[in-house]
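As structure tokens, the structure follows; a few thoughts come after it.
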Amino acid sequence: MRLFDTHCHLNDNAYLPDLPEVVKRAEAAGVERMLVVGYDLASSRMAVELADEYPQLYAAVGIHPHNAVAFTAEDLTALEQMLTHKKVVALGEIGLDYHYDHSPRKTQQAVFRQLLALADKLGKPVVIHAREAHADLLAILKAGAATYQGVMHCYSGSRELTREYAKLNFYFSVAGPVTFANARRLPEVIKEIPAERLLIETDAPYLTPHPYRGRRNEPAYVALVAKRLAEILGSTPEEVAEQTWQNAHACFGLETLV
Ligand SMILES: [Zn+2]
Ligand SMILES: [Zn+2]
């Protein structure tokens with residue numbers, strides 16, 4: 001069984017003490033590829049460095065909506081430069097987060113639009129973070145002339161939203177919360193996701209799956225997400241692993257490396 005964790009933050013300080021061991025445990029669990037996702041300029045640079053260092057790591061570079069308020073024109077240039085690197089396969093994470101409102105909503109929207117335009121210019125997929133902001137996010141995506149390819153990460157939208165994003169050819173990445181006992185609505189939503197659009201992730205160090213909830217998350221645990229998805233979809237963890245592995249390669253343009 002081979003697994004692709006399409007969203008983790010191995011560039012987070014949480015892994016400074018033991019990153020080589022974390023990667024080794026991922027390998028032992030069958031996690032052969034991981035996408036390390038940036039959330040500001042420094043973490044994006046770090047993601048690129050890690051992708052350079054470890055063959056099984058790829059990078060996404062971007063500005064989390066929390067950090068939109070600090071975004072500058074120089075940052076846009078720096079991201080564009082990083083996106084020319086061959087292991088930088090996506091622009092993200094980017095998006096809108098109205099739960100915390102760490103940056104003003106208008107600023108989040110303006111930065112999101114600029115970053116979508118950059119993705120369009122470079123023909124790169126986007127990794128989208130959306131929290132309590134789906135109406136505005138959909139409106140921005142639909143207003144763009146381009147057909148953005150990308151991922152809704154840590155997805156937990158409604159069935160209606162799933163159909164909307166599927167129409168835009170988006171992928172849906174499911175994370176640890178699907179293993180929580182209180183995730184009652186999520187199984188119905190997951191059944192709505194087209195099989196060829198399904199991805200899995202950890203969002204490590206956050207959102208640790210059951211039964212390790214409360215501990216630091218790490219890519220090895222993406223196997224628990226695959227296992228729970230198999231229960232929901234009436235298939236096997238091996239089938240979920242293979243389908244999401246293939247989907248991840250299609251989404252990030254890695255088909256030729258399979
Ligand atoms: Zn996120
Ligand atoms: Zn994230």
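Just remember, in the structure tokens the first chain shown is A, the second B, etc., residues are 1-based per chain, and ligands are 1-based in the order shown.
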task: Find the residues around A:Val174 up to 10 Å (only C-alpha atoms counted), leave out those fewer than 4 positions away in its own chain, and share them as a PyMOL selection string.
output: chain A and resi 6-7+152-156+178+186+190+198-203+222+225-226+229
Based on DSSP run over this structure's backbone, return all residues of stretch 37-216 of chain A in strand (DSSP E), as a CSV table (one decimal) with C-alpha atoms, in the first residue's frame.
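Dumped to states24.csv:
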chain,number,residue,atom,x,y,z
A,37,VAL,CA,2.6,23.3,2.3
A,57,LEU,CA,8.8,15.5,-0.4
A,58,TYR,CA,7.2,18.0,-2.7
A,59,ALA,CA,6.4,21.6,-1.9
A,60,ALA,CA,3.5,24.1,-2.2
A,61,VAL,CA,4.2,27.8,-1.6
A,88,VAL,CA,7.1,23.1,-6.3
A,89,VAL,CA,3.9,21.6,-7.6
A,90,ALA,CA,1.2,24.0,-6.3
A,91,LEU,CA,0.4,27.5,-5.1
A,92,GLY,CA,-0.9,27.2,-1.5
A,93,GLU,CA,-2.2,27.4,0.9
A,94,ILE,CA,-4.3,30.4,0.0
A,95,GLY,CA,-7.9,31.2,0.6
A,96,LEU,CA,-10.3,32.8,3.0
A,97,ASP,CA,-10.7,32.2,6.8
A,126,VAL,CA,-4.0,25.9,-6.1
A,127,VAL,CA,-4.3,24.5,-2.5
A,128,ILE,CA,-7.3,26.3,-0.9
A,129,HIS,CA,-8.0,26.8,2.7
A,130,ALA,CA,-11.6,27.8,3.3
A,131,ARG,CA,-13.3,28.3,6.7
A,150,GLY,CA,-6.9,22.8,-7.4
A,151,VAL,CA,-7.7,21.2,-4.0
A,152,MET,CA,-10.2,22.1,-1.3
A,170,PHE,CA,-11.7,20.8,-7.9
A,171,TYR,CA,-10.2,18.0,-5.8
A,172,PHE,CA,-11.4,17.4,-2.3
A,173,SER,CA,-8.8,16.5,0.4
A,174,VAL,CA,-10.1,14.7,3.5
A,198,LEU,CA,-10.7,12.4,-3.7
A,199,LEU,CA,-7.4,13.1,-1.9
A,200,ILE,CA,-6.2,12.4,1.7
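Residues in contact range of stretch 103-105 of chain A, defined as at most 8 Å between only C-alpha atoms, with sequence neighbours fewer than 2 positions away removed, read Pro65, His66, Asn67, Ala68, Val69, Leu96, Tyr98, Asp101, Thr107, Gln108 and Gln109 of chain A.
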Just N, CA and C atoms for this one: save the residues we selected as a PDB file, in the first residue's frame.
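File produced: again.pdb:
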ATOM      1  N   PRO A  65      -4.550  32.767   4.487  1.00  0.00           N
ATOM      2  CA  PRO A  65      -5.364  33.992   4.684  1.00  0.00           C
ATOM      3  C   PRO A  65      -5.109  34.692   6.019  1.00  0.00           C
ATOM      4  N   HIS A  66      -4.693  33.935   7.039  1.00  0.00           N
ATOM      5  CA  HIS A  66      -4.344  34.575   8.322  1.00  0.00           C
ATOM      6  C   HIS A  66      -3.250  35.626   8.126  1.00  0.00           C
ATOM      7  N   ASN A  67      -2.343  35.357   7.161  1.00  0.00           N
ATOM      8  CA  ASN A  67      -1.169  36.213   6.970  1.00  0.00           C
ATOM      9  C   ASN A  67      -1.343  37.210   5.829  1.00  0.00           C
ATOM     10  N   ALA A  68      -2.559  37.329   5.313  1.00  0.00           N
ATOM     11  CA  ALA A  68      -2.807  38.198   4.155  1.00  0.00           C
ATOM     12  C   ALA A  68      -2.451  39.651   4.453  1.00  0.00           C
ATOM     13  N   VAL A  69      -2.661  40.074   5.685  1.00  0.00           N
ATOM     14  CA  VAL A  69      -2.463  41.486   6.037  1.00  0.00           C
ATOM     15  C   VAL A  69      -0.999  41.916   5.860  1.00  0.00           C
ATOM     16  N   LEU A  96      -9.577  31.893   2.170  1.00  0.00           N
ATOM     17  CA  LEU A  96     -10.307  32.815   3.038  1.00  0.00           C
ATOM     18  C   LEU A  96     -10.623  32.101   4.349  1.00  0.00           C
ATOM     19  N   TYR A  98     -12.782  33.122   7.680  1.00  0.00           N
ATOM     20  CA  TYR A  98     -13.608  34.086   8.416  1.00  0.00           C
ATOM     21  C   TYR A  98     -13.890  33.616   9.845  1.00  0.00           C
ATOM     22  N   ASP A 101     -10.589  35.513  11.431  1.00  0.00           N
ATOM     23  CA  ASP A 101     -10.449  36.893  10.949  1.00  0.00           C
ATOM     24  C   ASP A 101      -9.127  37.536  11.390  1.00  0.00           C
ATOM     25  N   THR A 107      -9.002  42.408   2.807  1.00  0.00           N
ATOM     26  CA  THR A 107      -7.584  42.142   2.517  1.00  0.00           C
ATOM     27  C   THR A 107      -7.401  40.687   2.098  1.00  0.00           C
ATOM     28  N   GLN A 108      -8.033  39.770   2.817  1.00  0.00           N
ATOM     29  CA  GLN A 108      -7.951  38.350   2.451  1.00  0.00           C
ATOM     30  C   GLN A 108      -8.418  38.140   1.012  1.00  0.00           C
ATOM     31  N   GLN A 109      -9.527  38.787   0.667  1.00  0.00           N
ATOM     32  CA  GLN A 109     -10.088  38.608  -0.681  1.00  0.00           C
ATOM     33  C   GLN A 109      -9.144  39.170  -1.753  1.00  0.00           C
TER      34      GLN A 109
END
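Relative to atom CA of A:His134, atom CA of A:Ala146 is found at 18.7 Å.
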task: Excluding A:Gly30 and any residue of its chain fewer than 2 positions from it, enumerate the residues within 10 Å of it, using only C-alpha atoms, and give them as a ChimeraX atom specification.
output: /A:1-4,24-28,32-33,219-220,222-223,241
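Of the residues listed (A:Val189, A:Leu137, A:Leu233, A:Ile63), A:Ile63 shows the shortest atom-to-atom separation from ligand 1; distances use only C-alpha atoms and all ligand atoms.
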Who sits within 9 Å of A:Leu141, only C-alpha atoms, same chain under 4 positions skipped, as number ranges by chain: A: 113, 116, 136-137, 145-148, 168
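The smallest atom-to-atom distance between A:Gly176 and any of A:Glu188, A:Asp120, A:Glu196, A:Glu218, using only C-alpha atoms, is found for A:Glu218.
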Which of stretch 69-249 of chain A DSSP labels helix (DSSP H, G or I), written as a VMD selection string: chain A and resid 69 to 70 73 to 82 105 to 122 134 to 143 159 to 167 176 to 179 186 to 192 195 to 197 219 to 233 237 to 249
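Going from atom CA of A:Ala204 to atom CA of A:Leu118 covers 26.5 Å.
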List as an mmCIF file with N, CA and C atoms, in the first residue's frame the protein and nucleic acid residues near stretch 47-56 of chain A, meaning an atom at most 10 Å away when only C-alpha atoms are counted, but skip any in the same chain fewer than 6 places from it.
data_model
loop_
_atom_site.group_PDB
_atom_site.id
_atom_site.type_symbol
_atom_site.label_atom_id
_atom_site.label_comp_id
_atom_site.auth_asym_id
_atom_site.auth_seq_id
_atom_site.Cartn_x
_atom_site.Cartn_y
_atom_site.Cartn_z
ATOM 1 N N PHE A 4 -0.230 8.949 -0.330
ATOM 2 C CA PHE A 4 0.252 10.300 -0.623
ATOM 3 C C PHE A 4 -0.445 11.255 0.342
ATOM 4 N N HIS A 9 2.569 20.045 7.175
ATOM 5 C CA HIS A 9 3.466 21.174 7.441
ATOM 6 C C HIS A 9 4.723 20.681 8.160
ATOM 7 N N LEU A 10 5.515 19.888 7.429
ATOM 8 C CA LEU A 10 6.789 19.439 8.010
ATOM 9 C C LEU A 10 7.762 20.608 8.140
ATOM 10 N N ASN A 11 7.366 21.751 7.576
ATOM 11 C CA ASN A 11 8.138 22.996 7.713
ATOM 12 C C ASN A 11 7.813 23.716 9.024
ATOM 13 N N ASP A 12 6.954 23.119 9.840
ATOM 14 C CA ASP A 12 6.578 23.730 11.121
ATOM 15 C C ASP A 12 7.661 23.438 12.171
ATOM 16 N N PRO A 20 13.858 13.813 10.633
ATOM 17 C CA PRO A 20 14.248 12.568 9.947
ATOM 18 C C PRO A 20 13.476 11.346 10.460
ATOM 19 N N VAL A 23 9.886 11.399 9.023
ATOM 20 C CA VAL A 23 9.862 10.946 7.626
ATOM 21 C C VAL A 23 10.049 9.432 7.554
ATOM 22 N N GLU A 27 7.478 6.619 5.930
ATOM 23 C CA GLU A 27 7.891 5.582 4.971
ATOM 24 C C GLU A 27 7.452 4.200 5.432
ATOM 25 N N VAL A 31 3.688 5.770 3.446
ATOM 26 C CA VAL A 31 3.489 7.130 2.921
ATOM 27 C C VAL A 31 4.720 7.491 2.091
ATOM 28 N N GLU A 32 4.625 7.214 0.792
ATOM 29 C CA GLU A 32 5.800 7.356 -0.070
ATOM 30 C C GLU A 32 5.979 8.767 -0.591
ATOM 31 N N ARG A 33 4.893 9.561 -0.556
ATOM 32 C CA ARG A 33 5.012 10.947 -1.006
ATOM 33 C C ARG A 33 4.214 11.872 -0.111
ATOM 34 N N MET A 34 4.750 13.091 0.094
ATOM 35 C CA MET A 34 4.102 14.085 0.944
ATOM 36 C C MET A 34 4.267 15.453 0.306
ATOM 37 N N LEU A 35 3.210 16.249 0.420
ATOM 38 C CA LEU A 35 3.284 17.631 -0.045
ATOM 39 C C LEU A 35 3.413 18.533 1.180
ATOM 40 N N VAL A 36 4.546 19.241 1.256
ATOM 41 C CA VAL A 36 4.799 20.167 2.367
ATOM 42 C C VAL A 36 4.289 21.543 1.937
ATOM 43 N N VAL A 37 3.375 22.098 2.746
ATOM 44 C CA VAL A 37 2.647 23.295 2.330
ATOM 45 C C VAL A 37 3.088 24.520 3.132
ATOM 46 N N GLY A 38 3.396 25.601 2.409
ATOM 47 C CA GLY A 38 3.782 26.860 3.048
ATOM 48 C C GLY A 38 2.567 27.686 3.428
ATOM 49 N N TYR A 39 2.726 28.565 4.399
ATOM 50 C CA TYR A 39 1.623 29.433 4.842
ATOM 51 C C TYR A 39 2.056 30.890 4.951
ATOM 52 N N LEU A 41 5.920 33.455 3.719
ATOM 53 C CA LEU A 41 7.113 33.386 2.874
ATOM 54 C C LEU A 41 8.193 32.471 3.463
ATOM 55 N N MET A 82 9.829 31.053 -6.608
ATOM 56 C CA MET A 82 9.829 29.707 -6.016
ATOM 57 C C MET A 82 9.046 28.726 -6.878
ATOM 58 N N LEU A 83 7.991 29.217 -7.524
ATOM 59 C CA LEU A 83 7.123 28.340 -8.322
ATOM 60 C C LEU A 83 7.795 27.836 -9.596
ATOM 61 N N HIS A 85 10.651 26.291 -9.400
ATOM 62 C CA HIS A 85 11.385 25.109 -8.928
ATOM 63 C C HIS A 85 10.621 23.843 -9.331
ATOM 64 N N LYS A 86 11.320 22.815 -9.777
ATOM 65 C CA LYS A 86 10.617 21.658 -10.346
ATOM 66 C C LYS A 86 9.834 20.845 -9.310
ATOM 67 N N LYS A 87 10.200 20.951 -8.042
ATOM 68 C CA LYS A 87 9.439 20.197 -7.029
ATOM 69 C C LYS A 87 8.361 21.046 -6.339
ATOM 70 N N VAL A 88 8.214 22.283 -6.781
ATOM 71 C CA VAL A 88 7.107 23.113 -6.267
ATOM 72 C C VAL A 88 5.920 22.903 -7.198
#
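Closest approach to ligand 1 among A:Arg216, A:His99, A:Arg45, A:Lys191: A:His99, based on only C-alpha atoms and all ligand atoms.
The two atoms in question, atom CA of A:Glu238 and atom CA of A:Cys8, are spaced 21.1 Å apart.
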